[in-house]
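All remarks here apply to the structure that follows.
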Amino acid sequence: MSQTAHNELYLALCRIRRFEEAVLEKFSSGIFFGTTHTSLGQEANAVGVLSCLQAGDVVFSNHRCHGHFLAYGGDLRALFAELMGRATGVCGGRGGSQHLHWCNFYSNGVQGGIVPIATGMALAEKQLQSERQSASVVVAFLGDGTLGEGVVYESLNMAALWGAPILFVVENNRIAQTTPTQLALAGDLSARFEAFGIPALALESSDVLEIRTAAAALLDQVRAEARPRALILNTWRFGPHSKGDDTRPPDLVAQIKDQHDPLFIHGQRLEPAARAAIETQVQEEVTAAFQQAAADPFPIL
Ligand SMILES: Cc1ncc(C[n+]2csc(CCOP(=O)(O)OP(=O)(O)O)c2C)c(N)n1
Ligand SMILES: [Mg+2]
């Protein structure tokens with residue numbers, strides 16, 4: 001991979017990190033409406049998987065969607081504005097943090113609810129394929145805790161039975177709000193997909209390149225065979241579930257940050273000067289996007 005490509009991936013990781021840090025830092029000022037869930041620590045999942053997309057592919061995300069939206073190519077100012085309820089927001093300020101729609105990107109905060117919808121969208125893409133002569137696929141992101149929702153398994157059954165071209169990406173950050181995964185989920189995560197005949201690949205990594213390589217191979221298979229695949233990304237949440245509700249011991253969180261930082265891991269591949277330039281560029285972009293959004297008008301009722 002070229003140095004330019006490394007730089008681009010780092011830029012994408014950095015953009016998510018600085019956006020999310022700004023959201024958490026400024027939330028208590030009261031400028032944002034509703035709630036928020038940041039993807040600090042999980043940036044490499046969004047960037048690794050979504051850097052493999054082709055034009056026309058569909059992404060369905062969940063309550064923790066900012067990183068996915070930005071990695072898809074979404075605009076910083078429009079996302080800040082959406083959280084601030086402004087007319088210039090992604091959805092005119094009506095959706096808030098969890099409910100985004102832009103181009104072929106969708107997100108919804110109802111846990112598990114996205115899985116049947118994303119499966120249906122994948123079936124629609126398959127039906128349209130002969131008309132369009134292109135093979136678009138769907139990527140659906142879900143959390144480990146969301147595997148407790150029954151509708152997920154109805155959807156997996158249909159996806160496998162009817163051959164939906166969809167990649168299910170489980171971001172197993174080992175916790176659901178405050179419940180550690182081992183207290184909520186029995187058995188093996190991959191086996192849950194394999195029970196329906198959906199091949200699953202599990203990865204223990206915060207390295208954007210490793211995640212990208214795995215996702216690219218699975219997306220190729222989904223596209224070529226028009227059948228589902230699953231990617232289990234064992235990952236780490238650096239921040240609170242939402243805005244300060246972290247029940248994990250602070251020294252454990254510090255250790256996680258120290259050992260599994262996607263920016264540190266990928267940043268080592270960059271020339272120091274290039275890395276510093278990207279850091280500066282992103283900081284300026286995020287600051288400008290926040291200020292623009294904060295000056296934007298509210299929608300007319
Ligand atoms: C149907 C439903 N039940 C409960 C919630 C409240 N809720 C939001 S996120 C969350 C935990 C999700 O855990 P997980 O799927 O592991 O994703 P993570 O937050 O770790 O990314 C809960 C219980 C919800 N949004 N939807
Ligand atoms: Mg989780």
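The way I read the labels, and the way they are meant: chains A, B, ... in the order of the structure tokens, residue 1 as the first residue of every chain, and ligand 1 as the first ligand shown, with later ones counted on from there.
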Next on the checklist: When you look at A:Ser61 with a cut-off of 9 Å (counting only C-alpha atoms), what residues show up, excluding the ones that are within fewer than 3 positions of it in the same chain? I need them as a ChimeraX atom specification.
Outcome noted: /A:64-65,68-69,98,100,105-109,114,139-142
Checklist entry - Running DSSP on the backbone, which parts of stretch 62-288 of chain A land in strand (DSSP E or B), as a ChimeraX atom specification? => result /A:101-102,105-107,138-143,166-172,175-176,179-180,200-204,229-234
Writer output for current selection, N, CA and C atoms, as a short mmCIF file (atom, residue, chain, number, x, y, z; two decimals), in the first residue's frame:
data_model
loop_
_atom_site.label_atom_id
_atom_site.label_comp_id
_atom_site.auth_asym_id
_atom_site.auth_seq_id
_atom_site.Cartn_x
_atom_site.Cartn_y
_atom_site.Cartn_z
N HIS A 101 -29.69 9.73 7.53
CA HIS A 101 -29.84 9.19 6.18
C HIS A 101 -29.20 10.16 5.22
N TRP A 102 -28.24 9.67 4.48
CA TRP A 102 -27.56 10.49 3.47
C TRP A 102 -27.06 9.53 2.39
N PHE A 105 -26.57 5.79 3.00
CA PHE A 105 -26.22 5.55 4.41
C PHE A 105 -27.47 5.75 5.27
N TYR A 106 -27.73 4.78 6.12
CA TYR A 106 -28.88 4.83 7.03
C TYR A 106 -28.42 4.45 8.43
N SER A 107 -29.04 5.04 9.45
CA SER A 107 -28.81 4.53 10.80
C SER A 107 -30.09 4.66 11.61
N VAL A 138 -24.99 -4.76 0.81
CA VAL A 138 -25.30 -4.01 2.02
C VAL A 138 -24.32 -4.40 3.13
N VAL A 139 -23.90 -3.40 3.89
CA VAL A 139 -23.11 -3.65 5.10
C VAL A 139 -23.97 -3.21 6.29
N ALA A 140 -24.18 -4.12 7.24
CA ALA A 140 -24.96 -3.77 8.43
C ALA A 140 -24.08 -3.92 9.66
N PHE A 141 -24.01 -2.86 10.47
CA PHE A 141 -23.20 -2.88 11.70
C PHE A 141 -24.10 -3.14 12.90
N LEU A 142 -23.71 -4.09 13.73
CA LEU A 142 -24.46 -4.30 14.96
C LEU A 142 -23.53 -4.59 16.12
N GLY A 143 -23.99 -4.28 17.32
CA GLY A 143 -23.17 -4.49 18.52
C GLY A 143 -23.38 -5.88 19.09
N ILE A 166 -25.38 -9.43 1.82
CA ILE A 166 -25.18 -8.54 2.98
C ILE A 166 -24.01 -9.03 3.81
N LEU A 167 -23.22 -8.07 4.29
CA LEU A 167 -22.15 -8.37 5.25
C LEU A 167 -22.59 -7.86 6.62
N PHE A 168 -22.78 -8.78 7.54
CA PHE A 168 -23.11 -8.41 8.92
C PHE A 168 -21.78 -8.17 9.64
N VAL A 169 -21.61 -6.97 10.17
CA VAL A 169 -20.38 -6.65 10.91
C VAL A 169 -20.74 -6.48 12.38
N VAL A 170 -20.29 -7.41 13.20
CA VAL A 170 -20.54 -7.31 14.64
C VAL A 170 -19.35 -6.61 15.27
N GLU A 171 -19.60 -5.47 15.88
CA GLU A 171 -18.54 -4.79 16.62
C GLU A 171 -18.66 -5.24 18.08
N ASN A 172 -17.91 -6.27 18.39
CA ASN A 172 -17.94 -6.80 19.75
C ASN A 172 -16.97 -6.01 20.63
N ILE A 175 -18.98 -5.16 25.63
CA ILE A 175 -19.84 -4.56 26.64
C ILE A 175 -21.09 -4.01 25.95
N ALA A 176 -22.22 -4.10 26.62
CA ALA A 176 -23.45 -3.50 26.11
C ALA A 176 -23.97 -2.56 27.19
N THR A 179 -23.22 -3.85 30.67
CA THR A 179 -23.19 -5.31 30.87
C THR A 179 -22.05 -5.95 30.06
N PRO A 180 -21.09 -6.57 30.75
CA PRO A 180 -20.02 -7.24 29.99
C PRO A 180 -20.61 -8.39 29.16
N ALA A 200 -18.58 -17.08 8.92
CA ALA A 200 -18.19 -15.93 9.76
C ALA A 200 -16.68 -15.93 9.96
N LEU A 201 -16.14 -14.73 9.97
CA LEU A 201 -14.71 -14.57 10.24
C LEU A 201 -14.57 -13.68 11.47
N ALA A 202 -13.80 -14.13 12.45
CA ALA A 202 -13.60 -13.32 13.66
C ALA A 202 -12.18 -12.76 13.67
N LEU A 203 -12.08 -11.50 14.05
CA LEU A 203 -10.79 -10.83 14.05
C LEU A 203 -10.56 -10.18 15.40
N GLU A 204 -9.35 -10.30 15.91
CA GLU A 204 -8.99 -9.67 17.19
C GLU A 204 -7.99 -8.57 16.84
N ARG A 229 -22.41 -12.92 4.56
CA ARG A 229 -21.20 -13.26 5.32
C ARG A 229 -21.25 -12.47 6.62
N ALA A 230 -20.46 -12.91 7.61
CA ALA A 230 -20.38 -12.16 8.86
C ALA A 230 -18.93 -11.90 9.22
N LEU A 231 -18.68 -10.71 9.72
CA LEU A 231 -17.35 -10.34 10.20
C LEU A 231 -17.51 -9.94 11.67
N ILE A 232 -16.84 -10.68 12.54
CA ILE A 232 -16.91 -10.37 13.98
C ILE A 232 -15.64 -9.59 14.32
N LEU A 233 -15.80 -8.34 14.65
CA LEU A 233 -14.65 -7.50 14.99
C LEU A 233 -14.57 -7.36 16.51
N ASN A 234 -13.62 -8.04 17.11
CA ASN A 234 -13.42 -7.93 18.56
C ASN A 234 -12.64 -6.65 18.80
#
Next on the checklist: Show me, as a PyMOL selection string, the residues that have an atom within 9 Å of A:Gln111 when counting only C-alpha atoms, minus same-chain residues fewer than 5 positions from it.
Outcome noted: chain A and resi 62-63+142-143+145-146+149
Checklist entry - For A:Gly56, which of A:Ala216, A:Asp296, A:Ser205, A:Arg132 is the closest residue, counting only C-alpha atoms? => result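 Ranking A:Ala216, A:Asp296, A:Ser205, A:Arg132 by distance to A:Gly56, first place goes to A:Arg132.
Distances here use only C-alpha atoms; by that measure, the residue among A:Arg77, A:Ser29, A:Phe60, A:Gly34 closest to A:Ala288 is A:Arg77.
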Who sits within 7 Å of A:Gly41, only C-alpha atoms, same chain under 4 positions skipped, as an mmCIF file with N, CA and C atoms, in the first residue's frame:
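Written out: part36.cif:
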data_model
loop_
_atom_site.group_PDB
_atom_site.id
_atom_site.type_symbol
_atom_site.label_atom_id
_atom_site.label_comp_id
_atom_site.auth_asym_id
_atom_site.auth_seq_id
_atom_site.Cartn_x
_atom_site.Cartn_y
_atom_site.Cartn_z
ATOM 1 N N TRP A 236 -12.595 -2.512 21.084
ATOM 2 C CA TRP A 236 -12.597 -1.904 22.412
ATOM 3 C C TRP A 236 -13.257 -0.533 22.385
ATOM 4 N N ARG A 237 -14.129 -0.311 23.337
ATOM 5 C CA ARG A 237 -14.767 1.003 23.495
ATOM 6 C C ARG A 237 -13.904 1.819 24.448
ATOM 7 N N PHE A 238 -13.419 2.973 24.014
ATOM 8 C CA PHE A 238 -12.577 3.813 24.878
ATOM 9 C C PHE A 238 -13.414 4.710 25.790
ATOM 10 N N ASP A 261 -5.040 1.283 20.621
ATOM 11 C CA ASP A 261 -5.441 2.532 19.964
ATOM 12 C C ASP A 261 -5.232 2.445 18.438
ATOM 13 N N PRO A 262 -6.312 2.454 17.654
ATOM 14 C CA PRO A 262 -6.179 2.338 16.198
ATOM 15 C C PRO A 262 -5.351 3.467 15.582
#
Checklist entry - Got a sec: who's within 10 Å of A:Leu209, counting only C-alpha atoms, leaving out chain neighbours fewer than 6 positions off, as a list in words? => result Met1, His6, Leu9, Ala44, Asn45, Val47, Gly48, Val49, Ala215, Pro262, Ile265 and His266 of chain A
Checklist entry - How many Å separate atom 18 (P, counted along the ligand's line) of ligand 1 from atom CA of A:Pro250? => result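 Atom-to-atom, atom 18 (P, counted along the ligand's line) of ligand 1 and atom CA of A:Pro250 are spaced 18.6 Å apart.
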Next on the checklist: If you run DSSP on the backbone here, which positions in stretch 42-255 of chain A get helix (DSSP H, G or I)? Please write them as a PyMOL selection string.
Outcome noted: chain A and resi 43-50+66-72+76-83+114-132+145-148+150-162+181-183+189-194+208-225+250-255
